[in-house]
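Note: the block below is coords_38.cif and it holds mmCIF, C-alpha atoms.
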```cif
data_entry
#
loop_
_atom_site.label_atom_id
_atom_site.label_comp_id
_atom_site.auth_asym_id
_atom_site.auth_seq_id
_atom_site.Cartn_x
_atom_site.Cartn_y
_atom_site.Cartn_z
CA MET Q 1 151.41 76.19 117.58
CA LEU Q 2 154.81 77.78 116.96
CA LEU Q 3 156.60 74.64 118.19
CA THR Q 4 154.54 72.52 115.82
CA TRP Q 5 155.41 74.85 112.93
CA TRP Q 6 159.13 74.64 113.70
CA ARG Q 7 158.99 70.86 114.06
CA ASN Q 8 157.19 70.41 110.75
CA ARG Q 9 159.61 72.79 109.05
CA ARG Q 10 162.57 70.86 110.42
CA ARG Q 11 161.10 67.57 109.25
CA ARG Q 12 160.45 68.87 105.77
CA LYS Q 13 164.12 69.81 105.58
CA ILE Q 14 165.15 66.33 106.76
CA LEU Q 15 162.97 64.62 104.16
CA ALA Q 16 164.16 66.96 101.41
CA THR Q 17 167.49 65.12 101.57
CA PRO Q 18 167.08 61.49 100.43
CA MET Q 19 168.10 58.85 102.95
CA PRO Q 20 171.17 56.79 102.01
CA ALA Q 21 170.24 54.13 99.44
CA ARG Q 22 171.49 51.34 101.71
CA TRP Q 23 168.97 52.14 104.47
CA LYS Q 24 165.83 50.70 102.88
CA PRO Q 25 167.35 47.29 102.02
CA PHE Q 26 168.80 47.08 105.54
CA LEU Q 27 165.42 47.76 107.13
CA ASP Q 28 163.65 45.28 104.83
CA GLN Q 29 166.19 42.58 105.59
CA HIS Q 30 166.54 42.98 109.34
CA ILE Q 31 163.05 43.94 110.55
CA ALA Q 32 160.84 40.99 109.68
CA PRO Q 33 157.40 42.57 110.39
CA LEU Q 34 157.99 45.08 107.59
CA SER Q 35 157.02 42.32 105.16
CA ARG Q 36 153.43 42.66 106.40
CA LEU Q 37 153.17 46.35 105.51
CA THR Q 38 151.59 47.74 102.39
CA SER Q 39 153.84 49.71 100.06
CA ALA Q 40 152.34 52.97 101.36
CA GLN Q 41 152.91 51.95 104.98
CA ARG Q 42 156.47 50.94 104.21
CA GLU Q 43 157.25 54.29 102.59
CA LEU Q 44 155.76 56.05 105.61
CA LEU Q 45 157.97 53.95 107.88
CA TYR Q 46 161.08 54.85 105.86
CA GLN Q 47 160.25 58.54 106.25
CA ARG Q 48 159.71 58.23 109.97
CA VAL Q 49 162.94 56.29 110.44
CA HIS Q 50 164.75 59.07 108.58
CA ILE Q 51 163.22 61.71 110.86
CA PHE Q 52 163.76 59.65 114.01
CA ILE Q 53 167.45 59.11 113.34
CA LYS Q 54 168.10 62.75 112.47
CA GLU Q 55 165.98 64.30 115.23
CA LYS Q 56 166.97 62.31 118.30
CA TYR Q 57 170.14 62.64 120.28
CA TRP Q 58 171.91 59.27 120.38
CA GLU Q 59 174.43 58.36 123.05
CA GLY Q 60 176.36 55.17 123.70
CA CYS Q 61 176.95 54.24 127.33
CA ASN Q 62 179.78 52.27 128.95
CA GLY Q 63 181.99 52.81 125.91
CA PHE Q 64 179.41 51.63 123.37
CA GLU Q 65 179.59 53.16 119.89
CA VAL Q 66 176.29 54.10 118.27
CA THR Q 67 176.67 53.13 114.62
CA GLU Q 68 174.33 53.48 111.66
CA GLU Q 69 173.28 49.85 112.17
CA VAL Q 70 172.32 50.57 115.77
CA GLN Q 71 170.25 53.58 114.78
CA LEU Q 72 168.48 51.80 111.93
CA LEU Q 73 167.59 48.73 113.94
CA ILE Q 74 166.21 50.72 116.87
CA ALA Q 75 164.45 53.37 114.79
CA GLY Q 76 163.02 50.80 112.39
CA GLN Q 77 161.45 48.72 115.14
CA ALA Q 78 160.22 51.78 117.03
CA CYS Q 79 158.65 53.40 113.98
CA LEU Q 80 156.86 50.19 113.05
CA LEU Q 81 154.53 50.98 115.96
CA THR Q 82 153.61 54.33 114.38
CA VAL Q 83 152.51 53.48 110.85
CA GLY Q 84 148.84 53.38 111.79
CA PHE Q 85 148.95 56.95 113.09
CA ALA Q 86 148.59 60.01 110.88
CA SER Q 87 151.44 61.84 112.61
CA ASP Q 88 153.75 60.31 115.18
CA CYS Q 89 157.52 60.36 115.31
CA PHE Q 90 157.73 60.25 119.11
CA ASP Q 91 157.71 64.03 119.31
CA ARG Q 92 158.49 64.35 123.01
CA LEU Q 93 161.38 61.92 122.98
CA GLY Q 94 164.71 63.70 122.82
CA THR Q 95 167.34 61.09 123.66
CA VAL Q 96 168.08 57.42 123.05
CA LEU Q 97 170.74 55.88 125.31
CA VAL Q 98 172.24 52.55 124.27
CA TYR Q 99 174.24 50.21 126.50
CA PRO Q 100 176.27 47.36 125.01
CA ASP Q 101 174.46 44.74 127.12
CA THR Q 102 172.26 44.29 130.16
CA TYR Q 103 173.08 47.13 132.53
CA VAL Q 104 172.78 47.88 136.23
CA ALA Q 105 170.42 50.62 137.40
CA LYS Q 106 169.72 52.03 140.84
CA GLU Q 107 166.20 51.71 142.16
CA THR Q 108 164.22 52.71 145.23
CA LEU Q 109 161.58 50.34 146.58
CA VAL Q 110 158.80 51.10 149.06
CA ASN Q 111 157.26 48.20 150.99
CA SER Q 112 153.69 47.87 152.22
CA ILE Q 113 154.36 49.87 155.40
CA GLY Q 114 156.15 52.69 153.63
CA VAL Q 115 159.75 51.73 154.35
CA MET Q 116 162.10 52.74 151.51
CA THR Q 117 165.12 50.69 150.48
CA GLU Q 118 167.66 51.43 147.78
CA GLY Q 119 169.28 48.81 145.60
CA THR Q 120 170.25 47.88 142.07
CA SER Q 121 168.75 45.75 139.33
CA PHE Q 122 169.82 44.38 135.96
CA ARG Q 123 167.81 45.81 133.08
CA LEU Q 124 167.29 45.36 129.34
CA GLY Q 125 165.71 48.76 128.81
CA GLU Q 126 163.80 51.63 130.41
CA ALA Q 127 161.35 54.32 129.42
CA TRP Q 128 160.65 57.38 131.57
CA ASN Q 129 157.71 59.78 131.55
CA GLN Q 130 159.74 62.78 130.37
CA GLY Q 131 163.16 61.22 129.98
CA PRO Q 132 165.12 59.15 127.49
CA ILE Q 133 164.56 55.68 126.13
CA ILE Q 134 167.33 53.38 127.39
CA LEU Q 135 168.12 50.13 125.60
CA SER Q 136 170.57 47.24 125.72
CA TRP Q 137 172.03 46.69 122.25
CA ALA Q 138 172.53 42.96 122.84
CA ASN Q 139 168.82 42.63 123.52
CA VAL Q 140 167.81 44.88 120.63
CA LEU Q 141 169.85 42.65 118.33
CA GLU Q 142 168.41 39.46 119.84
CA SER Q 143 164.88 40.80 119.38
CA ALA Q 144 165.52 41.50 115.69
CA GLU Q 145 167.10 38.09 115.13
CA ASN Q 146 164.14 36.30 116.78
CA PRO Q 147 161.12 38.16 115.37
CA HIS Q 148 158.47 35.57 116.28
CA ASP Q 149 159.23 34.74 119.92
CA GLY Q 150 157.01 37.44 121.42
CA GLU Q 151 159.90 39.26 123.09
CA ASN Q 152 161.08 42.59 121.72
CA VAL Q 153 162.69 45.18 123.98
CA VAL Q 154 162.16 48.05 121.50
CA PHE Q 155 158.43 47.36 121.15
CA HIS Q 156 158.22 47.03 124.93
CA GLU Q 157 159.92 50.31 125.82
CA PHE Q 158 158.19 52.34 123.12
CA ALA Q 159 154.83 50.99 124.29
CA HIS Q 160 155.79 52.46 127.67
CA TYR Q 161 156.48 55.74 125.84
CA TYR Q 162 152.92 55.78 124.51
CA ASP Q 163 151.58 54.85 127.93
CA ALA Q 164 153.40 57.78 129.56
CA ILE Q 165 152.37 60.52 127.11
CA ASP Q 166 149.76 61.71 129.63
CA ARG Q 167 152.49 61.59 132.33
CA GLN Q 168 150.93 58.48 133.88
CA MET Q 169 152.40 55.05 133.18
CA ASN Q 170 149.32 53.06 134.10
CA GLY Q 171 148.73 50.75 131.15
CA THR Q 172 146.38 53.09 129.27
CA PRO Q 173 147.79 55.05 126.31
CA PRO Q 174 146.02 58.12 124.88
CA LEU Q 175 142.74 57.14 123.22
CA ASN Q 176 140.24 59.06 121.13
CA SER Q 177 136.96 58.89 123.03
CA GLU Q 178 135.26 57.99 126.29
CA GLU Q 179 133.89 54.92 124.55
CA GLU Q 180 137.41 53.76 123.66
CA TYR Q 181 138.62 54.36 127.21
CA GLN Q 182 135.69 52.35 128.56
CA ARG Q 183 136.32 49.45 126.21
CA TRP Q 184 140.06 49.55 126.89
CA GLY Q 185 139.48 49.48 130.65
CA GLU Q 186 137.02 46.61 130.46
CA VAL Q 187 139.09 44.37 128.17
CA MET Q 188 142.56 45.08 129.53
CA THR Q 189 141.47 44.81 133.16
CA ARG Q 190 139.68 41.54 132.52
CA GLU Q 191 142.63 40.06 130.62
CA TYR Q 192 145.14 41.28 133.20
CA ASP Q 193 143.12 39.78 136.05
CA ALA Q 194 142.77 36.52 134.10
CA LEU Q 195 146.55 36.30 133.67
CA VAL Q 196 147.14 36.98 137.37
CA GLU Q 197 144.64 34.23 138.20
CA GLN Q 198 146.33 31.80 135.79
CA LEU Q 199 149.70 32.42 137.40
CA ARG Q 200 148.21 32.05 140.86
CA HIS Q 201 147.32 28.51 139.84
CA GLY Q 202 150.76 27.88 138.42
CA HIS Q 203 150.16 28.12 134.69
CA THR Q 204 149.75 30.53 131.79
CA ARG Q 205 148.45 29.77 128.32
CA PHE Q 206 150.28 32.33 126.23
CA LEU Q 207 151.34 35.69 127.62
CA ASN Q 208 154.78 36.23 129.12
CA PRO Q 209 154.29 36.06 132.92
CA TYR Q 210 156.06 39.43 133.27
CA ALA Q 211 152.84 40.95 131.98
CA ALA Q 212 151.28 40.25 135.38
CA THR Q 213 153.66 42.68 137.11
CA ASN Q 214 151.23 45.61 136.76
CA PRO Q 215 148.90 47.10 134.11
CA ALA Q 216 151.73 49.13 132.51
CA GLU Q 217 153.84 46.02 131.96
CA PHE Q 218 150.76 44.18 130.76
CA PHE Q 219 150.24 46.69 127.94
CA ALA Q 220 153.95 46.66 127.01
CA VAL Q 221 154.18 42.85 126.93
CA CYS Q 222 150.93 42.58 124.96
CA THR Q 223 152.43 44.99 122.41
CA GLU Q 224 155.37 42.62 121.96
CA HIS Q 225 153.06 39.66 121.33
CA PHE Q 226 150.74 41.70 119.09
CA PHE Q 227 153.49 42.57 116.62
CA GLU Q 228 155.53 39.37 116.84
CA GLN Q 229 152.85 36.71 117.40
CA PRO Q 230 149.61 38.20 116.09
CA HIS Q 231 147.96 34.90 115.15
CA GLU Q 232 148.73 33.35 118.51
CA MET Q 233 147.46 36.43 120.34
CA ARG Q 234 144.21 36.44 118.38
CA ALA Q 235 143.74 32.74 119.15
CA TYR Q 236 144.45 33.40 122.83
CA SER Q 237 141.99 36.29 123.07
CA ALA Q 238 140.26 37.89 120.11
CA GLU Q 239 139.08 40.78 122.29
CA LEU Q 240 142.60 41.51 123.51
CA TYR Q 241 143.91 41.42 119.94
CA ASP Q 242 141.08 43.65 118.68
CA THR Q 243 141.69 46.18 121.45
CA LEU Q 244 145.36 46.53 120.50
CA GLN Q 245 144.42 46.60 116.81
CA LEU Q 246 142.10 49.55 117.41
CA PHE Q 247 144.83 51.43 119.28
CA TYR Q 248 147.73 50.78 116.88
CA ARG Q 249 145.43 50.88 113.82
CA GLN Q 250 147.22 47.92 112.37
CA ASP Q 251 146.15 44.30 111.78
CA PRO Q 252 149.35 42.24 111.57
CA ALA Q 253 147.47 38.92 111.65
CA ALA Q 254 145.49 39.82 108.53
CA ALA Q 255 148.64 40.80 106.66
CA ASP Q 256 150.22 37.31 106.76
#
```

Rewritten as structure tokens:
Amino acid sequence: MLLTWWRNRRRRKILATPMPARWKPFLDQHIAPLSRLTSAQRELLYQRVHIFIKEKYWEGCNGFEVTEEVQLLIAGQACLLTVGFASDCFDRLGTVLVYPDTYVAKETLVNSIGVMTEGTSFRLGEAWNQGPIILSWANVLESAENPHDGENVVFHEFAHYYDAIDRQMNGTPPLNSEEEYQRWGEVMTREYDALVEQLRHGHTRFLNPYAATNPAEFFAVCTEHFFEQPHEMRAYSAELYDTLQLFYRQDPAAAD
């Protein structure tokens, strides 16, 4: 309770100072899905971007400089996911790390008989249960410049953030009732299995094949398609679209 009071007090102080006048035109120009929002939703997004930029610790990696443009583009895309929620500015997230481009990360793999091997992989972004969001600026910029291709690294990683709020990254974000959890499990499991089956036969109708990696990646990839290709997603599977619509409390297909 005390932490909530301090957080709300801090945010009131942030919002008491108007954001720079240049921020709103920048967001409107560079984040295409904002055109679908109502005026009230857009004002809410501006407020949450203001809070997000001021609250989080930003760090550039490998010599990268975090500029105002970097912060606005990342925060604007991230906060777009929140406008359906009464209160959500990614409270538990403390740090955003930004690399200039695709980066190399260490990873540990365990095979089917329990043997562990260590290696490296090239990554566009990462989200951890209790850690920072890590992003490649080159890919953030590419996502913003191609807003209808169904690929957006910010949407993807912040979907993982939602997924991990309960400390389990399993493809199921926090929901409001047992009925919602049941519906989510039925629809998402069926659609995930259908995608795996499609790929087993060498084809896929719509979703990025990376969604078949596991249920967590399925949810994150579906989030990308939901916000960038809502009409195509609804045509692909109305139930899948409706399930994401109920979670995010937004209907981007209806707004066009």

I'd like the neighbourhood of Phe206 of chain Q as a VMD selection string, where a residue qualifies if any of its atoms comes within 12 Å (using all atoms listed in the file), though same-chain residues fewer than 4 positions away should be ignored. chain Q and resid 149 to 150 191 194 to 195 198 to 199 210 to 211 221 to 222 225 to 226 229 to 237

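Put simply, the PyMOL selection byres ((chain Q and resi 245) around 12) on this file hits Leu81, Gly84, Phe85, Trp184, Cys222, Thr223, His225, Phe226, Phe227, Pro230, Met233, Arg234, Ala238, Glu239, Leu240, Tyr241, Asp242, Thr243, Leu244, Leu246, Phe247, Tyr248, Arg249, Gln250, Asp251, Pro252, Ala253 and Ala254 of chain Q.
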
Residues within 8 Å of Trp58 of chain Q, all atoms listed in the file, excluding chain neighbours under 2 positions, as an MDAnalysis selection string: chainID Q and resid 56 60 66 95:98

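Among the candidate residues Q:Pro33, Q:Gly94, Q:Pro18, Q:Pro132, the one lying nearest to Glu157 of chain Q is Q:Pro132, with distances computed using only C-alpha atoms.
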
On this file, the PyMOL selection byres ((chain Q and resi 142) around 12) gives some set of residues; write that set as a PDB file with C-alpha atoms, in the coordinates of the input.
```pdb
ATOM      1  CA  HIS Q  30     166.540  42.980 109.340  1.00  0.00           C
ATOM      2  CA  ILE Q  31     163.050  43.940 110.550  1.00  0.00           C
ATOM      3  CA  LEU Q  73     167.590  48.730 113.940  1.00  0.00           C
ATOM      4  CA  ILE Q  74     166.210  50.720 116.870  1.00  0.00           C
ATOM      5  CA  ASP Q 101     174.460  44.740 127.120  1.00  0.00           C
ATOM      6  CA  LEU Q 124     167.290  45.360 129.340  1.00  0.00           C
ATOM      7  CA  SER Q 136     170.570  47.240 125.720  1.00  0.00           C
ATOM      8  CA  TRP Q 137     172.030  46.690 122.250  1.00  0.00           C
ATOM      9  CA  ALA Q 138     172.530  42.960 122.840  1.00  0.00           C
ATOM     10  CA  ASN Q 139     168.820  42.630 123.520  1.00  0.00           C
ATOM     11  CA  VAL Q 140     167.810  44.880 120.630  1.00  0.00           C
ATOM     12  CA  LEU Q 141     169.850  42.650 118.330  1.00  0.00           C
ATOM     13  CA  SER Q 143     164.880  40.800 119.380  1.00  0.00           C
ATOM     14  CA  ALA Q 144     165.520  41.500 115.690  1.00  0.00           C
ATOM     15  CA  GLU Q 145     167.100  38.090 115.130  1.00  0.00           C
ATOM     16  CA  ASN Q 146     164.140  36.300 116.780  1.00  0.00           C
ATOM     17  CA  PRO Q 147     161.120  38.160 115.370  1.00  0.00           C
ATOM     18  CA  HIS Q 148     158.470  35.570 116.280  1.00  0.00           C
ATOM     19  CA  ASP Q 149     159.230  34.740 119.920  1.00  0.00           C
ATOM     20  CA  GLY Q 150     157.010  37.440 121.420  1.00  0.00           C
ATOM     21  CA  GLU Q 151     159.900  39.260 123.090  1.00  0.00           C
ATOM     22  CA  ASN Q 152     161.080  42.590 121.720  1.00  0.00           C
ATOM     23  CA  VAL Q 153     162.690  45.180 123.980  1.00  0.00           C
ATOM     24  CA  VAL Q 154     162.160  48.050 121.500  1.00  0.00           C
TER      25      VAL Q 154
END
```

What is the atom CA of Thr213 of chain Q-atom CA of Ala78 of chain Q distance in Å, reported with one decimal? 23.0 Å

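Distance-wise, atom CA of Tyr57 of chain Q and atom CA of Pro174 of chain Q end up 25.0 Å apart.
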
Name every residue that the PyMOL selection byres ((chain Q and resi 185) around 12) selects in this structure, writing the answer as a list in words with chains first and numbers rising. Asn170, Gly171, Thr172, Pro173, Leu175, Glu178, Glu179, Glu180, Tyr181, Gln182, Arg183, Trp184, Glu186, Val187, Met188, Thr189, Arg190, Glu191, Tyr192, Asp193, Pro215, Phe219, Leu240 and Thr243 of chain Q

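Non-sequential neighbours of Arg12 of chain Q (distance at most 12 Å, separation of 5 or more positions within a chain, all atoms listed in the file) are Q:Trp5, Q:Trp6, Q:Arg7, Q:Thr17, Q:Pro18, Q:Gln47, Q:Arg48, Q:His50, Q:Ile51, Q:Lys54, Q:Glu55.
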
Separation of atom CA of Cys79 of chain Q and atom CA of Val49 of chain Q, in Å? 6.3 Å

So that I can see what lies close to segment 21-26 of chain Q, please list as a ChimeraX atom specification the residues with an atom at most 8 Å from it, counting all atoms listed in the file and leaving out residues fewer than 2 positions away in the same chain. /Q:19,28-30,46,72

Box for segment 141-150 of chain Q: with edges along x, y and z, all listed atoms inside and 6 Å added on each side, what are the centre and edge lengths in Å to one decimal, as JSON?
```
{"center_x": 163.4, "center_y": 38.7, "center_z": 118.3, "size_x": 24.8, "size_y": 19.9, "size_z": 18.3}
```

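Remark: for Ala220 of chain Q, the closest of the candidate residues Q:Leu135, Q:Ala255, Q:Val83, Q:Ala164 is Q:Ala164 (distances computed over all atoms listed in the file).
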